[in-house]
file entry28.csv (CSV, C-alpha atoms)
chain,number,residue,atom,x,y,z
A,264,MET,CA,58.3,-19.9,-37.2
A,265,SER,CA,58.2,-17.4,-40.0
A,266,GLY,CA,55.3,-15.4,-41.3
A,267,PRO,CA,54.0,-15.1,-44.9
A,268,CYS,CA,56.7,-14.7,-47.5
A,269,ALA,CA,58.1,-11.2,-47.5
A,270,LYS,CA,58.5,-11.4,-51.3
A,271,GLY,CA,54.8,-12.1,-51.7
A,272,PHE,CA,55.2,-15.7,-52.9
A,273,PRO,CA,51.8,-17.6,-52.7
A,274,GLU,CA,52.5,-20.0,-49.9
A,275,GLU,CA,50.1,-22.8,-50.9
A,276,LEU,CA,52.4,-23.4,-53.9
A,277,LEU,CA,54.9,-24.7,-51.3
A,278,SER,CA,52.5,-27.6,-50.5
A,279,GLY,CA,51.9,-28.2,-54.2
A,280,TYR,CA,55.7,-28.2,-54.8
A,281,LEU,CA,56.2,-30.7,-51.9
A,282,ASP,CA,53.5,-33.0,-53.3
A,283,HIS,CA,54.7,-32.7,-57.0
A,284,GLU,CA,51.3,-31.4,-57.9
A,285,LEU,CA,52.2,-28.1,-59.6
A,286,THR,CA,52.0,-27.4,-63.3
A,287,GLN,CA,55.4,-27.3,-64.9
A,288,ALA,CA,55.4,-23.4,-65.0
A,289,ASP,CA,54.4,-23.2,-61.3
A,290,GLU,CA,57.0,-25.8,-60.3
A,291,GLN,CA,59.8,-23.8,-62.0
A,292,ARG,CA,58.5,-20.6,-60.4
A,293,ALA,CA,58.6,-22.3,-57.0
A,294,ARG,CA,62.0,-23.8,-57.5
A,295,LEU,CA,63.5,-20.4,-58.5
A,296,HIS,CA,61.9,-18.7,-55.6
A,297,LEU,CA,63.1,-21.3,-53.1
A,298,GLU,CA,66.7,-20.8,-54.3
A,299,ASP,CA,66.3,-17.2,-53.3
A,300,CYS,CA,64.1,-17.3,-50.2
A,301,PRO,CA,65.4,-18.8,-46.9
A,302,ASP,CA,62.1,-18.3,-45.2
A,303,CYS,CA,60.1,-20.3,-47.7
A,304,LYS,CA,62.9,-22.9,-47.8
A,305,ALA,CA,62.5,-23.3,-44.0
A,306,VAL,CA,58.7,-23.6,-44.3
A,307,LEU,CA,59.1,-26.3,-47.0
A,308,GLY,CA,61.6,-28.2,-44.8
A,309,ASP,CA,59.1,-28.1,-41.9
A,310,LEU,CA,56.2,-29.3,-44.2
A,311,GLN,CA,58.4,-32.1,-45.4
A,312,ILE,CA,59.1,-33.3,-41.9
A,313,LEU,CA,55.4,-33.2,-41.1
A,314,ARG,CA,54.5,-35.2,-44.1
A,315,GLU,CA,57.2,-37.8,-43.5
A,316,ALA,CA,56.0,-38.2,-39.9
A,317,ALA,CA,52.4,-38.7,-41.1
A,318,MET,CA,53.3,-41.1,-43.9
A,319,THR,CA,55.4,-43.3,-41.6
A,320,THR,CA,52.8,-43.6,-38.8
A,321,ASN,CA,51.1,-46.9,-38.9
A,322,PHE,CA,47.8,-47.3,-37.0
A,323,SER,CA,47.2,-50.9,-36.2
A,324,GLU,CA,43.9,-52.5,-37.1
A,325,PRO,CA,41.7,-54.2,-34.6
A,326,ASN,CA,42.3,-57.9,-34.0
A,327,PRO,CA,40.8,-59.9,-36.9
A,328,THR,CA,38.5,-61.8,-34.4
A,329,GLU,CA,37.0,-58.4,-33.3
A,330,TRP,CA,35.7,-57.8,-36.8
A,331,GLY,CA,33.5,-60.9,-37.1
A,332,GLU,CA,32.6,-61.8,-40.6
A,333,LEU,CA,32.9,-60.2,-44.0
A,334,PRO,CA,29.8,-59.4,-46.0
A,335,ARG,CA,28.6,-62.5,-47.8
A,336,GLY,CA,29.4,-62.9,-51.5
A,337,ARG,CA,27.3,-61.5,-54.3
A,338,ALA,CA,26.4,-65.0,-55.5
A,339,SER,CA,25.2,-66.1,-52.1
A,340,ALA,CA,23.1,-63.0,-51.7
A,341,ALA,CA,21.5,-63.5,-55.2
A,342,PHE,CA,20.7,-67.2,-54.4
A,343,ARG,CA,19.2,-66.1,-51.1
A,344,SER,CA,16.9,-63.5,-52.8
A,345,LEU,CA,15.9,-66.1,-55.4
A,346,GLY,CA,15.2,-68.6,-52.7
A,347,TRP,CA,12.9,-66.2,-50.9
A,348,ILE,CA,10.9,-65.5,-54.0
A,349,VAL,CA,10.4,-69.2,-54.7
A,350,VAL,CA,9.3,-69.8,-51.1
A,351,VAL,CA,6.8,-66.9,-51.2
A,352,ILE,CA,5.3,-68.2,-54.5
A,353,TRP,CA,5.1,-71.8,-53.2
A,354,LEU,CA,3.4,-70.6,-49.9
A,355,ALA,CA,0.9,-68.5,-51.8
A,356,ALA,CA,0.0,-71.5,-54.1
A,357,VAL,CA,-0.4,-73.9,-51.1
A,358,VAL,CA,-2.6,-71.4,-49.2
A,359,GLY,CA,-4.7,-70.7,-52.2
A,360,TYR,CA,-5.2,-74.4,-53.0
A,361,ALA,CA,-6.1,-75.2,-49.4
A,362,ALA,CA,-8.6,-72.3,-49.3
A,363,TRP,CA,-10.2,-73.5,-52.6
A,364,GLU,CA,-10.4,-77.1,-51.3
A,365,LEU,CA,-12.0,-75.9,-48.0
A,366,ALA,CA,-14.5,-73.7,-49.8
A,367,THR,CA,-15.6,-76.3,-52.3
A,368,GLY,CA,-15.3,-79.4,-50.1
A,369,PRO,CA,-18.2,-81.5,-48.8
A,370,GLU,CA,-17.6,-80.5,-45.0
A,371,ARG,CA,-20.4,-78.8,-43.1
A,372,LEU,CA,-20.4,-75.0,-42.8
A,373,ALA,CA,-19.6,-75.1,-39.1
A,374,VAL,CA,-16.4,-77.1,-39.7
A,375,LYS,CA,-15.5,-74.8,-42.5
A,376,LEU,CA,-16.0,-71.7,-40.3
A,377,LEU,CA,-14.0,-73.3,-37.4
A,378,THR,CA,-11.1,-74.2,-39.7
A,379,PHE,CA,-11.1,-70.8,-41.5
A,380,GLY,CA,-11.3,-69.0,-38.1
A,381,GLY,CA,-8.4,-70.9,-36.6
A,382,ILE,CA,-6.2,-70.6,-39.7
A,383,SER,CA,-7.0,-66.9,-40.1
A,384,GLY,CA,-6.1,-66.2,-36.4
A,385,VAL,CA,-2.8,-68.0,-36.6
A,386,SER,CA,-2.0,-66.4,-40.0
A,387,LEU,CA,-2.6,-62.9,-38.6
A,388,LEU,CA,-0.3,-63.6,-35.7
A,389,LEU,CA,2.4,-64.9,-38.0
A,390,ILE,CA,2.0,-61.9,-40.3
A,391,SER,CA,2.4,-59.5,-37.4
A,392,VAL,CA,5.6,-61.2,-36.4
A,393,LEU,CA,6.8,-61.1,-40.0
A,394,ILE,CA,6.1,-57.4,-40.3
A,395,ASP,CA,8.2,-56.8,-37.2
A,396,ARG,CA,11.1,-58.9,-38.5
A,397,VAL,CA,11.1,-57.1,-41.9
A,398,ARG,CA,11.1,-53.7,-40.1
A,399,THR,CA,14.0,-54.8,-37.9
A,400,ALA,CA,15.9,-56.1,-40.9
A,401,ARG,CA,15.6,-52.8,-42.8
A,402,THR,CA,17.2,-50.9,-40.0
A,403,ASP,CA,19.8,-53.5,-39.2
A,404,ARG,CA,23.2,-52.2,-40.4
A,405,TYR,CA,24.6,-55.7,-40.4
A,406,THR,CA,21.8,-57.2,-42.4
A,407,GLY,CA,24.2,-58.2,-45.2
A,408,VAL,CA,26.6,-59.9,-42.9
A,409,GLU,CA,26.5,-63.7,-42.4
A,410,ARG,CA,26.2,-64.3,-38.6
B,233,MET,CA,29.8,-68.0,-52.3
B,234,GLU,CA,29.2,-68.2,-48.6
B,235,ALA,CA,30.4,-65.8,-46.0
B,236,ILE,CA,34.1,-66.0,-45.4
B,237,LEU,CA,35.5,-66.0,-41.9
B,238,ILE,CA,38.5,-63.7,-41.6
B,239,PRO,CA,41.5,-65.8,-40.6
B,240,SER,CA,42.5,-65.3,-37.0
B,241,GLY,CA,46.2,-65.2,-37.8
B,242,PRO,CA,48.2,-62.0,-37.8
B,243,SER,CA,48.4,-61.5,-41.6
B,244,HIS,CA,46.7,-62.4,-44.8
B,245,PRO,CA,48.1,-64.4,-47.7
B,246,PRO,CA,51.0,-62.5,-49.3
B,247,ALA,CA,49.9,-63.5,-52.8
B,248,ALA,CA,46.5,-61.9,-52.2
B,249,ALA,CA,48.1,-58.8,-50.7
B,250,ALA,CA,50.4,-58.4,-53.7
B,251,SER,CA,47.5,-58.6,-56.2
B,252,SER,CA,46.6,-55.4,-58.0
B,253,GLU,CA,43.3,-53.7,-57.3
B,254,ALA,CA,42.0,-54.3,-60.7
B,255,GLU,CA,42.7,-58.0,-60.5
B,256,LEU,CA,41.1,-58.2,-57.1
B,257,VAL,CA,37.9,-56.5,-58.3
B,258,SER,CA,37.7,-58.6,-61.4
B,259,GLY,CA,38.3,-61.8,-59.4
B,260,ALA,CA,35.7,-60.7,-56.8
B,261,LEU,CA,33.1,-60.0,-59.5
B,262,ALA,CA,34.0,-63.4,-61.1
B,263,GLY,CA,33.1,-65.0,-57.8
B,264,MET,CA,36.6,-66.0,-56.7
B,265,PRO,CA,36.5,-66.4,-52.9
B,266,GLU,CA,40.2,-65.5,-52.4
B,267,ALA,CA,39.9,-62.3,-54.4
B,268,TRP,CA,36.6,-61.4,-52.6
B,269,GLU,CA,38.2,-61.8,-49.2
B,270,ALA,CA,41.5,-60.0,-50.1
B,271,LEU,CA,39.5,-57.1,-51.6
B,272,LEU,CA,37.2,-56.6,-48.6
B,273,VAL,CA,40.1,-56.9,-46.1
B,274,ARG,CA,42.0,-54.3,-48.0
B,275,CYS,CA,39.0,-51.9,-48.3
B,276,ARG,CA,38.1,-52.4,-44.7
B,277,LYS,CA,41.6,-51.4,-43.6
B,278,THR,CA,41.5,-48.3,-45.6
B,279,SER,CA,38.0,-47.4,-44.4
B,280,TYR,CA,38.9,-48.1,-40.8
B,281,LEU,CA,42.0,-45.9,-40.9
B,282,VAL,CA,40.2,-43.0,-42.5
B,283,ALA,CA,37.3,-43.2,-40.1
B,284,LEU,CA,39.6,-43.6,-37.1
B,285,GLN,CA,41.4,-40.4,-37.9
B,286,LEU,CA,38.3,-38.5,-38.7
B,287,LEU,CA,36.3,-39.6,-35.7
B,288,GLY,CA,38.9,-40.5,-33.1
B,289,SER,CA,36.8,-43.4,-31.8
B,290,ARG,CA,37.9,-47.0,-32.5
B,291,GLU,CA,34.4,-48.4,-32.1
B,292,ASP,CA,32.8,-45.8,-34.4
B,293,ALA,CA,35.6,-46.4,-37.0
B,294,MET,CA,34.8,-50.2,-36.9
B,295,ASP,CA,31.1,-49.5,-37.4
B,296,VAL,CA,31.8,-47.1,-40.3
B,297,ALA,CA,34.2,-49.6,-41.9
B,298,GLN,CA,31.6,-52.3,-41.7
B,299,ASP,CA,29.0,-50.1,-43.2
B,300,ALA,CA,31.4,-49.0,-45.9
B,301,LEU,CA,32.0,-52.6,-46.8
B,302,LEU,CA,28.3,-53.3,-47.3
B,303,ARG,CA,27.9,-50.3,-49.5
B,304,LEU,CA,31.0,-51.3,-51.5
B,305,VAL,CA,29.6,-54.8,-52.0
B,306,ARG,CA,26.3,-53.4,-53.3
B,307,SER,CA,28.0,-51.1,-55.8
B,308,LEU,CA,31.1,-53.1,-56.7
B,309,ASP,CA,29.9,-53.9,-60.2
B,310,ARG,CA,29.7,-50.2,-61.0
B,311,PHE,CA,33.4,-49.6,-60.0
B,312,ASP,CA,35.6,-48.5,-62.8
B,313,THR,CA,38.7,-50.7,-62.6
B,314,ALA,CA,40.8,-48.2,-64.4
B,315,ARG,CA,40.6,-46.0,-61.3
B,316,SER,CA,42.2,-46.5,-57.9
B,317,LEU,CA,40.1,-48.2,-55.2
B,318,THR,CA,41.4,-46.1,-52.3
B,319,PRO,CA,39.7,-42.8,-53.2
B,320,TRP,CA,36.4,-44.7,-53.8
B,321,VAL,CA,36.6,-46.3,-50.4
B,322,ALA,CA,37.7,-43.0,-48.8
B,323,ALA,CA,34.7,-41.2,-50.4
B,324,ILE,CA,32.2,-43.8,-49.1
B,325,THR,CA,33.8,-43.7,-45.7
B,326,ARG,CA,33.9,-39.9,-45.5
B,327,ASN,CA,30.2,-39.7,-46.4
B,328,LEU,CA,29.4,-42.2,-43.7
B,329,VAL,CA,31.4,-40.2,-41.2
B,330,VAL,CA,29.6,-37.0,-42.2
B,331,ASP,CA,26.2,-38.8,-41.7
B,332,LEU,CA,27.3,-40.0,-38.3
B,333,VAL,CA,28.4,-36.6,-37.2
B,334,ARG,CA,25.2,-35.0,-38.5
B,335,ARG,CA,23.1,-37.5,-36.5
B,336,GLN,CA,25.3,-36.7,-33.5
B,337,LYS,CA,25.8,-40.4,-32.9
B,338,VAL,CA,29.6,-40.2,-32.5
B,339,ARG,CA,31.0,-41.9,-29.5
B,340,ARG,CA,33.5,-40.1,-27.3
B,341,ALA,CA,36.9,-40.1,-28.9
B,342,ASP,CA,39.5,-42.5,-27.5
B,343,SER,CA,42.6,-40.7,-26.3
B,344,LEU,CA,45.7,-41.1,-28.4
B,345,GLU,CA,47.6,-42.1,-25.2
B,346,ALA,CA,45.1,-44.9,-24.7
B,347,LEU,CA,45.6,-46.1,-28.2
B,348,LEU,CA,49.4,-45.9,-27.7
B,349,SER,CA,49.4,-47.8,-24.4
B,350,GLN,CA,47.1,-50.5,-25.9
B,351,GLY,CA,49.3,-50.9,-28.9
B,352,GLY,CA,46.7,-49.2,-31.0
B,353,VAL,CA,49.3,-47.1,-32.8
B,354,GLU,CA,52.5,-48.7,-34.0
B,355,MET,CA,55.2,-46.7,-35.5
B,356,ALA,CA,57.3,-47.9,-38.5
B,357,ASP,CA,61.0,-47.4,-37.8
B,358,HIS,CA,64.1,-47.7,-39.8
B,359,SER,CA,66.5,-47.5,-36.9
B,360,ASP,CA,69.9,-45.8,-37.1
B,361,SER,CA,70.0,-45.2,-33.3
B,362,PRO,CA,67.6,-45.7,-30.4
B,363,GLU,CA,67.6,-42.0,-29.7
B,364,ALA,CA,66.7,-41.1,-33.3
B,365,ASP,CA,63.9,-43.8,-33.2
B,366,ALA,CA,62.6,-42.3,-30.0
B,367,GLU,CA,62.6,-38.8,-31.5
B,368,ARG,CA,60.8,-40.0,-34.6
B,369,ARG,CA,58.2,-41.8,-32.5
B,370,GLU,CA,57.6,-38.7,-30.4
B,371,LEU,CA,57.3,-36.6,-33.5
B,372,ARG,CA,54.7,-38.9,-35.1
B,373,ALA,CA,52.7,-39.0,-31.9
B,374,ARG,CA,52.8,-35.2,-31.7
B,375,VAL,CA,51.7,-34.9,-35.3
B,376,ALA,CA,48.9,-37.4,-34.9
B,377,ARG,CA,47.7,-35.6,-31.8
B,378,ALA,CA,47.8,-32.2,-33.6
B,379,VAL,CA,45.9,-33.7,-36.5
B,380,ARG,CA,43.1,-34.8,-34.2
B,381,GLU,CA,42.8,-31.3,-32.9
B,382,LEU,CA,42.4,-29.8,-36.3
B,383,PRO,CA,39.0,-28.5,-37.4
B,384,PRO,CA,37.3,-31.3,-39.4
B,385,LEU,CA,37.6,-29.3,-42.7
B,386,TYR,CA,41.4,-29.4,-42.4
B,387,ARG,CA,41.7,-32.8,-40.7
B,388,GLU,CA,40.1,-34.6,-43.6
B,389,VAL,CA,42.3,-33.1,-46.2
B,390,ILE,CA,45.5,-34.0,-44.2
B,391,VAL,CA,44.2,-37.5,-43.6
B,392,LEU,CA,43.5,-38.1,-47.3
B,393,ARG,CA,46.8,-36.6,-48.5
B,394,ASP,CA,49.4,-37.3,-45.8
B,395,TYR,CA,48.1,-40.5,-44.3
B,396,GLN,CA,46.3,-42.1,-47.3
B,397,ASP,CA,48.6,-40.6,-50.0
B,398,LEU,CA,45.8,-39.6,-52.4
B,399,THR,CA,46.6,-37.2,-55.2
B,400,TYR,CA,45.0,-33.8,-55.3
B,401,ASP,CA,42.6,-34.9,-58.1
B,402,GLU,CA,41.5,-37.9,-56.0
B,403,ILE,CA,41.0,-35.7,-52.9
B,404,ALA,CA,39.0,-33.2,-55.0
B,405,GLY,CA,36.8,-36.1,-56.1
B,406,VAL,CA,36.3,-37.4,-52.6
B,407,LEU,CA,35.5,-34.0,-51.1
B,408,GLU,CA,33.8,-32.7,-54.2
B,409,ILE,CA,35.8,-29.5,-54.2
B,410,PRO,CA,38.0,-27.9,-56.9
B,411,ARG,CA,41.6,-29.0,-57.1
B,412,GLY,CA,42.8,-25.5,-56.3
B,413,THR,CA,40.8,-25.6,-53.1
B,414,VAL,CA,42.5,-28.9,-52.2
B,415,MET,CA,45.9,-27.2,-52.4
B,416,SER,CA,45.0,-24.1,-50.5
B,417,ARG,CA,43.1,-26.1,-47.8
B,418,LEU,CA,45.9,-28.6,-47.5
B,419,HIS,CA,48.5,-25.8,-47.1
B,420,ARG,CA,46.3,-24.1,-44.5
B,421,ALA,CA,46.1,-27.4,-42.6
B,422,ARG,CA,49.8,-28.0,-42.7
B,423,SER,CA,50.5,-24.4,-41.6
B,424,LEU,CA,48.1,-24.9,-38.6
B,425,LEU,CA,50.0,-28.2,-37.7
B,426,ARG,CA,53.3,-26.5,-38.1
B,427,GLY,CA,52.2,-23.7,-35.8
B,428,ALA,CA,50.8,-26.1,-33.3
B,429,LEU,CA,53.9,-28.2,-33.1
B,430,ALA,CA,56.1,-25.1,-32.8
B,431,SER,CA,54.0,-23.5,-30.0
B,432,GLY,CA,53.0,-26.7,-28.3
B,433,THR,CA,49.4,-25.7,-28.3
B,434,PRO,CA,46.4,-27.2,-30.2
B,435,PRO,CA,46.0,-25.9,-33.7
B,436,LYS,CA,43.5,-23.0,-34.0
B,437,GLY,CA,41.9,-22.4,-37.3
B,438,GLY,CA,38.6,-21.1,-38.6
B,439,ALA,CA,36.8,-22.4,-41.6
B,440,GLY,CA,38.7,-20.1,-43.9
call {"tool": "encode", "arguments": {"input": "entry28.csv", "output": "structure tokens"}}
result
Amino acid sequence: MSGPCAKGFPEELLSGYLDHELTQADEQRARLHLEDCPDCKAVLGDLQILREAAMTTNFSEPNPTEWGELPRGRASAAFRSLGWIVVVIWLAAVVGYAAWELATGPERLAVKLLTFGGISGVSLLLISVLIDRVRTARTDRYTGVER
Amino acid sequence: MEAILIPSGPSHPPAAAASSEAELVSGALAGMPEAWEALLVRCRKTSYLVALQLLGSREDAMDVAQDALLRLVRSLDRFDTARSLTPWVAAITRNLVVDLVRRQKVRRADSLEALLSQGGVEMADHSDSPEADAERRELRARVARAVRELPPLYREVIVLRDYQDLTYDEIAGVLEIPRGTVMSRLHRARSLLRGALASGTPPKGGAG
């Protein structure tokens, strides 16, 4: 191990030289200095060994089956979004029509109230479940992954 | 295009692997399933390897890589095909890693020995003799161990340069620092590694 260059050469240029990332002027400066400085030459040699060791290390990936599935394609995601929009519009239309029919129909008031009460109760329960599901989906990091 | 199951075989189609990044991105944007799969598999590998070295935990790295893929899918149409894909994936991954560390949700790091014994690290060799191969393997393991001991500031620059082979300009973009800082930080990191390997002790380095 050697310390900083005794000739005051800026050491970080050695890394730049090793990586071929210096300007032409700095590269020439480094080359000339290295011809003349065994300490810096030794440092450069060590850095080269380190870099080669790192570059030739292969970390294996997890087994493909551990990954599960890739995110679904953009077209699939777009169709799914469009599908949801159509379903919501359809549902709103059906509910609106049913409510209108119930309100203007010939049934007695008691029947209307019973029907309205029942449907409202079930709807509220469904809405509460839906809210929970939406909240969960927003925090699910795998929400875009086909399961 | 529906979800694509990753093939369970050991490798992916060579034709897809040989495709250029620009071709893969164009193909994926055009809705070609093969390009889509090849692109995501390639990006997932890059993201996993970067995250694994920054975090040290295999499970965290898998989670980060999965998250990175989702972000990549969402912003793929904004990707400039004239640029390299690896720095972009590395930047997404690095940001996710920083978020994870900030939230203190990082799992305990797996030991390098555990990864080695489970086949988690494989070494590429061009053998001239068994002794030379063994020496190279030992050196790689020592370097990998020392890199894991580096302060995060230096570890990330070594991972991006020496393991992912990014240029200084690309690293500057990923880390959002000037190019000159990349060179000085990289040299400091390499000096710490060199010192650690020579002394046999973990690298010690402040933030400077």
call {"tool": "closest_residue", "arguments": {"input": "entry28.csv", "among": "B:Leu287, B:Ala364, B:Leu301, B:Ala323", "to": "chain A", "atoms": "only C-alpha atoms"}}
result
B:Leu301
call {"tool": "residues_around", "arguments": {"input": "entry28.csv", "residues": "region 274-279 of chain B", "least_positions_apart": "3", "cutoff": "6 Å", "atoms": "only C-alpha atoms", "output": "list in words"}}
result
Leu271, Val282, Ala297 and Thr325 of chain B
call {"tool": "write_last_selection", "arguments": {"input": "entry28.csv", "atoms": "C-alpha atoms", "output": "short mmCIF file (atom, residue, chain, number, x, y, z; two decimals), in the frame of the given file"}}
result
data_model
loop_
_atom_site.label_atom_id
_atom_site.label_comp_id
_atom_site.auth_asym_id
_atom_site.auth_seq_id
_atom_site.Cartn_x
_atom_site.Cartn_y
_atom_site.Cartn_z
CA LEU B 271 39.50 -57.10 -51.60
CA VAL B 282 40.20 -43.00 -42.50
CA ALA B 297 34.20 -49.60 -41.90
CA THR B 325 33.80 -43.70 -45.70
#
call {"tool": "atom_distance", "arguments": {"input": "entry28.csv", "atom1": "CA of Ala430 (chain B)", "atom2": "CA of Ile403 (chain B)"}}
result
27.3 Å
call {"tool": "closest_residue", "arguments": {"input": "entry28.csv", "among": "A:Leu307, A:Asp302, A:Ala269, A:Ile312", "to": "Asp394 (chain B)", "atoms": "all atoms listed in the file"}}
result
A:Ile312
call {"tool": "closest_residue", "arguments": {"input": "entry28.csv", "among": "B:Ala283, B:Ala404, B:Leu317, B:Ile324", "to": "Ala300 (chain B)", "atoms": "only C-alpha atoms"}}
result
B:Ile324
call {"tool": "atom_distance", "arguments": {"input": "entry28.csv", "atom1": "CA of Glu388 (chain B)", "atom2": "CA of Leu286 (chain B)"}}
result
6.5 Å
call {"tool": "closest_residue", "arguments": {"input": "entry28.csv", "among": "B:Leu304, B:Ala366, B:Ala428, B:Leu371", "to": "chain A", "atoms": "only C-alpha atoms"}}
result
B:Leu371
call {"tool": "atom_distance", "arguments": {"input": "entry28.csv", "atom1": "CA of Pro435 (chain B)", "atom2": "CA of Ala293 (chain A)"}}
result
26.7 Å
call {"tool": "closest_residue", "arguments": {"input": "entry28.csv", "among": "B:Arg334, B:Leu256, B:Glu402, B:Gln298", "to": "chain A", "atoms": "all atoms listed in the file"}}
result
B:Gln298
call {"tool": "closest_residue", "arguments": {"input": "entry28.csv", "among": "A:Arg292, A:Cys300, A:Thr320, A:Phe272", "to": "chain B", "atoms": "all atoms listed in the file"}}
result
A:Thr320
call {"tool": "residues_around", "arguments": {"input": "entry28.csv", "residues": "Ala316 (chain A)", "least_positions_apart": "4", "cutoff": "12 Å", "atoms": "all atoms listed in the file", "output": "count of residues only"}}
result
26
call {"tool": "residues_around", "arguments": {"input": "entry28.csv", "residues": "Glu275 (chain A)", "least_positions_apart": "5", "cutoff": "10 Å", "atoms": "only C-alpha atoms", "output": "ChimeraX atom specification"}}
result
/A:280 /B:412-420,422-423
call {"tool": "residues_near_point", "arguments": {"input": "entry28.csv", "point": "(42.7, -31.0, -59.4)", "cutoff": "6 Å", "atoms": "all atoms listed in the file", "output": "MDAnalysis selection string"}}
result
chainID B and resid 400:401 411
